[in-house]
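Engineer: Contents of model23.txt (compact mmCIF, C-alpha atoms):
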```txt
# COMPACT_ATOMS: atom_id res chain seq x y z
CA ARG O 26 127.03 98.46 68.56
CA LEU O 27 124.11 97.79 66.29
CA GLY O 28 121.92 96.61 69.13
CA ASP O 29 122.29 99.92 70.97
CA ARG O 30 120.31 101.73 68.27
CA PHE O 31 117.33 99.39 68.30
CA GLY O 32 116.56 98.81 71.90
CA GLY O 33 119.44 97.02 73.54
CA GLY O 34 121.49 94.02 72.70
CA SER O 35 119.89 90.64 72.48
CA GLY O 36 123.22 89.06 71.67
CA ASP O 37 122.36 88.51 68.01
CA GLY O 38 123.90 91.75 66.71
CA PHE O 39 120.55 93.24 65.71
CA GLY O 40 119.16 94.66 68.93
CA GLY O 41 115.70 94.27 70.40
CA ARG O 42 113.41 95.46 67.59
CA PHE O 43 115.13 93.73 64.71
CA GLY O 44 115.94 90.71 66.85
CA VAL O 45 112.29 89.81 66.42
CA VAL O 46 112.74 89.83 62.65
CA ALA O 47 115.94 87.79 62.89
CA ALA O 48 114.25 85.24 65.12
CA GLU O 49 113.36 82.94 62.23
CA ARG O 50 116.37 80.80 63.18
CA ARG O 51 114.81 80.28 66.59
CA GLY O 52 111.43 79.00 65.40
CA ALA O 53 109.62 82.35 65.33
CA PRO O 54 106.01 82.55 64.21
CA ALA O 55 105.37 82.81 60.49
CA ARG O 56 104.43 86.53 60.65
CA GLN O 57 107.93 87.36 61.95
CA ARG O 58 109.67 85.18 59.38
CA THR O 59 107.53 86.81 56.70
CA LEU O 60 108.83 90.30 57.55
CA ARG O 61 112.44 89.14 57.24
CA ALA O 62 111.63 87.32 54.00
CA MET O 63 109.90 90.41 52.59
CA ILE O 64 112.89 92.63 53.31
CA ASP O 65 115.28 89.98 51.93
CA TRP O 66 113.19 89.74 48.75
CA SER O 67 113.16 93.53 48.32
CA TRP O 68 116.92 93.65 48.94
CA GLU O 69 117.58 91.07 46.22
CA LEU O 70 115.72 93.23 43.67
CA LEU O 71 118.01 96.22 44.27
CA THR O 72 120.96 97.18 42.09
CA PRO O 73 124.37 97.25 43.77
CA SER O 74 124.25 101.07 43.93
CA GLU O 75 120.77 101.05 45.46
CA ARG O 76 121.99 98.60 48.10
CA ILE O 77 124.92 100.86 48.98
CA VAL O 78 122.67 103.89 49.40
CA LEU O 79 120.07 101.99 51.43
CA ARG O 80 122.77 100.60 53.73
CA ARG O 81 124.30 104.02 54.27
CA LEU O 82 120.97 105.76 54.87
CA ALA O 83 120.58 103.50 57.91
CA VAL O 84 123.02 105.60 59.95
CA GLN O 85 120.68 108.60 59.68
CA ARG O 86 118.48 109.01 62.73
CA ASP O 87 114.97 110.28 62.24
CA GLY O 88 115.60 110.97 58.57
CA CYS O 89 117.78 113.35 56.62
CA ASP O 90 117.58 116.07 54.01
CA PRO O 91 118.96 115.65 50.46
CA ALA O 92 122.29 117.30 51.34
CA ALA O 93 122.85 114.85 54.20
CA ALA O 94 121.88 111.91 51.99
CA GLU O 95 124.47 112.96 49.41
CA ALA O 96 127.18 113.63 52.00
CA VAL O 97 126.73 110.33 53.81
CA CYS O 98 125.84 108.00 50.93
CA ALA O 99 128.32 109.12 48.23
CA GLY O 100 131.70 107.48 47.84
CA ASP O 101 133.14 104.03 47.16
CA GLY O 102 130.73 102.92 44.44
CA VAL O 103 128.27 105.83 44.35
CA ARG O 104 128.99 109.25 42.84
CA PRO O 105 127.51 112.30 44.63
CA GLY O 106 125.36 113.16 41.60
CA GLU O 107 123.77 109.69 41.66
CA VAL O 108 122.62 109.64 45.28
CA LEU O 109 119.31 111.49 45.02
CA GLY O 110 118.23 109.51 41.96
CA LEU O 111 118.98 106.30 43.83
CA VAL O 112 117.10 107.55 46.88
CA SER O 113 114.11 108.35 44.65
CA ARG O 114 114.17 104.80 43.30
CA LEU O 115 114.23 103.49 46.88
CA VAL O 116 111.22 105.70 47.66
CA ASP O 117 109.44 104.22 44.64
CA ARG O 118 110.20 100.74 46.01
CA SER O 119 108.78 101.73 49.44
CA LEU O 120 112.09 101.12 51.19
CA VAL O 121 112.60 104.82 51.92
CA VAL O 122 109.87 107.18 53.08
CA MET O 123 109.85 110.78 51.90
CA ALA O 124 108.12 113.48 53.94
CA GLU O 125 108.18 117.26 53.84
CA GLY O 126 110.42 118.81 56.46
CA PRO O 127 110.92 122.45 57.45
CA ASP O 128 113.36 123.01 54.56
CA GLY O 129 112.02 120.58 51.96
CA PRO O 130 112.02 116.81 51.57
CA ARG O 131 113.37 114.48 54.23
CA TYR O 132 114.11 110.81 53.74
CA ARG O 133 113.85 108.15 56.42
CA LEU O 134 113.73 104.41 56.79
CA LEU O 135 111.15 102.46 58.72
CA GLU O 136 112.77 100.94 61.81
CA SER O 137 112.75 97.35 60.53
CA VAL O 138 114.25 98.39 57.19
CA ALA O 139 116.83 100.57 58.98
CA ALA O 140 117.87 97.69 61.23
CA TYR O 141 118.17 95.35 58.25
CA ALA O 142 120.18 97.93 56.27
CA LEU O 143 122.42 98.62 59.26
CA GLU O 144 123.13 94.90 59.51
CA ARG O 145 124.03 94.87 55.81
CA LEU O 146 126.23 97.96 56.30
CA ASP O 147 128.13 96.18 59.05
CA GLU O 148 128.48 93.04 56.90
CA ALA O 149 129.90 95.17 54.06
CA GLU O 150 132.49 96.56 56.51
CA ASP O 151 131.35 100.07 55.63
CA LEU O 152 129.88 101.07 58.99
CA ALA O 153 132.89 103.01 60.32
CA ALA O 154 133.46 104.92 57.07
CA THR O 155 129.76 105.79 56.77
CA ARG O 156 129.59 106.97 60.37
CA ALA O 157 132.70 109.09 59.73
CA ARG O 158 130.97 110.78 56.75
CA HIS O 159 127.87 111.25 58.93
CA LEU O 160 129.97 112.92 61.64
CA ARG O 161 131.75 115.19 59.12
CA HIS O 162 128.44 116.32 57.62
CA TYR O 163 126.76 117.12 60.94
CA LEU O 164 129.88 118.72 62.37
CA ALA O 165 129.99 121.03 59.31
CA LEU O 166 126.27 121.76 59.74
CA ALA O 167 126.74 122.69 63.40
CA GLU O 168 129.74 124.88 62.63
CA THR O 169 127.82 126.63 59.84
CA ALA O 170 124.79 127.17 62.08
CA GLU O 171 126.65 128.45 65.15
CA PRO O 172 127.32 132.04 64.00
CA ARG O 173 123.86 132.26 62.39
CA LEU O 174 122.12 131.64 65.70
CA ARG O 175 122.77 135.27 66.66
CA ASP O 176 121.46 137.08 63.58
CA GLY O 177 118.23 137.62 61.64
CA GLY O 178 118.17 134.00 60.41
CA GLN O 179 118.13 132.56 63.91
CA ARG O 180 114.60 131.18 63.75
CA ALA O 181 115.23 129.30 60.48
CA TRP O 182 118.50 127.84 61.79
CA LEU O 183 116.91 126.76 65.06
CA ALA O 184 114.18 124.97 63.09
CA ARG O 185 116.80 123.27 60.94
CA LEU O 186 118.85 122.18 63.94
CA ASP O 187 115.69 120.94 65.62
CA ALA O 188 114.92 118.78 62.56
CA GLU O 189 118.47 117.38 62.75
CA ALA O 190 118.56 116.91 66.54
CA ALA O 191 118.61 113.10 66.39
CA ASN O 192 121.42 113.11 63.82
CA LEU O 193 123.41 115.66 65.80
CA ARG O 194 123.04 113.49 68.94
CA ALA O 195 124.11 110.40 66.98
CA ALA O 196 127.15 112.23 65.60
CA LEU O 197 128.02 113.40 69.11
CA GLU O 198 127.76 109.83 70.46
CA GLU O 199 130.11 108.50 67.77
CA ALA O 200 132.57 111.41 67.75
CA PRO O 201 136.09 111.16 69.11
CA PRO O 202 136.65 113.61 72.00
CA ALA O 203 138.09 116.49 69.90
CA ASP O 204 135.23 116.36 67.39
CA ALA O 205 132.66 115.93 70.17
CA ALA O 206 133.91 119.13 71.78
CA ARG O 207 133.63 120.98 68.44
CA LEU O 208 130.15 119.60 67.85
CA ALA O 209 128.93 120.47 71.34
```
For this file, write the structure as structure tokens.
Structural biologist:
Amino acid sequence: RLGDRFGGGSGDGFGGRFGVVAAERRGAPARQRTLRAMIDWSWELLTPSERIVLRRLAVQRDGCDPAAAEAVCAGDGVRPGEVLGLVSRLVDRSLVVMAEGPDGPRYRLLESVAAYALERLDEAEDLAATRARHLRHYLALAETAEPRLRDGGQRAWLARLDAEAANLRAALEEAPPADAARLA
């Protein structure tokens, strides 16, 4: 459920944190309506491909590296080679934040933008497919890392897995039992 990610269900499908933003229908103060209006306005300025990528980035927890962005955001309307250019445009529009991680750039969404994008992902009926791509990517990462945790590159792989801990947990939570066992 969408509400599980953002602090519990308030019954509106958004969860606690974004429920405040969605509260404009319930006579919320102007400052709360303004946040929703600002995100709506920014959304309307996006191209269809930018909207797809922003929606799909919302399944990433605590950010992602470029490889994860491509793996999760490509498909059905966005070619793999387009993803990073689209992410860069979203960074330029201040909808995605870029920071340096242990292995290079990482992209993340502010919580309010992530909640909004996750709502849009659900509306587009793309949530299950995007979560499936997310699971496949992080399952492959874990399987690649596993044998390298016992050799000379152990420290680098531990740092990488640490950076991806939130995404690995999210993938584990969403995984069917057989994939959860492989991921664990």
Engineer: Between O:Asp151, O:Asp176, O:Glu107, O:Asp87, which is the closest to Ala195 in chain O once you count all atoms listed in the file?
Structural biologist: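 Of O:Asp151, O:Asp176, O:Glu107, O:Asp87, the one nearest Ala195 in chain O, counting all atoms listed in the file, is O:Asp87.
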Engineer: Which is closer to Leu134 in chain O than all the others in O:Gly88, O:Val108, O:Ala170, O:Asp101, using all atoms listed in the file?
Structural biologist: O:Gly88
Engineer: Identify the residues around (130.1, 114.9, 59.7) within a radius of 10 Å, measuring from all atoms listed in the file in the coordinates stated by the file, and give them as a ChimeraX atom specification.
Structural biologist: /O:93,96-97,155-167,192-193,196-197,200,204,208
Engineer: Write a file of the just-selected residues containing C-alpha atoms, as a tab-separated table (two decimals), in the coordinates of the input.
Structural biologist:
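Saved file again-v9.tsv follows:
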```
chain	number	residue	atom	x	y	z
O	93	ALA	CA	122.85	114.85	54.20
O	96	ALA	CA	127.18	113.63	52.00
O	97	VAL	CA	126.73	110.33	53.81
O	155	THR	CA	129.76	105.79	56.77
O	156	ARG	CA	129.59	106.97	60.37
O	157	ALA	CA	132.70	109.09	59.73
O	158	ARG	CA	130.97	110.78	56.75
O	159	HIS	CA	127.87	111.25	58.93
O	160	LEU	CA	129.97	112.92	61.64
O	161	ARG	CA	131.75	115.19	59.12
O	162	HIS	CA	128.44	116.32	57.62
O	163	TYR	CA	126.76	117.12	60.94
O	164	LEU	CA	129.88	118.72	62.37
O	165	ALA	CA	129.99	121.03	59.31
O	166	LEU	CA	126.27	121.76	59.74
O	167	ALA	CA	126.74	122.69	63.40
O	192	ASN	CA	121.42	113.11	63.82
O	193	LEU	CA	123.41	115.66	65.80
O	196	ALA	CA	127.15	112.23	65.60
O	197	LEU	CA	128.02	113.40	69.11
O	200	ALA	CA	132.57	111.41	67.75
O	204	ASP	CA	135.23	116.36	67.39
O	208	LEU	CA	130.15	119.60	67.85
```
Engineer: Taking all atoms listed in the file into account, name the residue in O:Glu171, O:Asp90, O:Glu150, O:Glu144 that is nearest to Glu189 in chain O.
Structural biologist: O:Asp90
Engineer: Would you please work out which residue, of O:Arg207, O:Arg114, O:Arg58, O:Arg185, is nearest to Gly129 in chain O when using all atoms listed in the file?
Structural biologist: O:Arg185
Engineer: Enter the distance from CA of Val122 in chain O to CA of Leu152 in chain O, in Å, rounded to one decimal.
Structural biologist: 21.7 Å
Engineer: Could you tell me which of O:Val138, O:Asp147, O:Ile77, O:Leu111 comes closest to Arg61 in chain O if we count all atoms listed in the file?
Structural biologist: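 Of all the options, O:Val138 lies closest to Arg61 in chain O.
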Engineer: Do you have the CA of Met63 in chain O-CA of Met123 in chain O distance handy?
Structural biologist: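 According to the coordinates, CA of Met63 in chain O and CA of Met123 in chain O are separated by 20.4 Å.
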Engineer: Quote the spacing between CA of Arg133 in chain O and CA of Arg173 in chain O in Å to one decimal place.
Structural biologist: 26.8 Å
Engineer: List the neighbours of Ala184 in chain O out to 12 Å using only C-alpha atoms; skip same-chain residues closer than 5 positions along the sequence, and give me the result as a JSON list (two decimals) with C-alpha atoms, keeping the file's coordinate frame.
Structural biologist:
```json
[["chain", "number", "residue", "atom", "x", "y", "z"],
["O", 126, "GLY", "CA", 110.42, 118.81, 56.46],
["O", 127, "PRO", "CA", 110.92, 122.45, 57.45],
["O", 128, "ASP", "CA", 113.36, 123.01, 54.56],
["O", 170, "ALA", "CA", 124.79, 127.17, 62.08],
["O", 174, "LEU", "CA", 122.12, 131.64, 65.70],
["O", 178, "GLY", "CA", 118.17, 134.00, 60.41],
["O", 179, "GLN", "CA", 118.13, 132.56, 63.91],
["O", 189, "GLU", "CA", 118.47, 117.38, 62.75],
["O", 190, "ALA", "CA", 118.56, 116.91, 66.54]]
```
Engineer: Can you sort out the box for range 155-161 of chain O, edges along x, y and z, all listed atoms in, 4 Å on every side, with centre and edge lengths in Å to one decimal, as AutoDock Vina command-line options?
Structural biologist:
```
--center_x 130.3 --center_y 110.5 --center_z 59.2 --size_x 12.8 --size_y 17.4 --size_z 12.9
```
Engineer: Nearest to Gly106 in chain O: which of O:Ala92, O:Arg118, O:Gln85, O:Glu168 is it, counting only C-alpha atoms?
Structural biologist: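 Nearest to Gly106 in chain O: O:Ala92.
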Engineer: Quick one: everything within 10 Å of Val112 in chain O, counting only C-alpha atoms, minus sequence neighbours fewer than 6 positions away in the same chain. Send it as a ChimeraX atom specification.
Structural biologist: /O:75,78-79,82,91,94-95,98,118,120-123,132
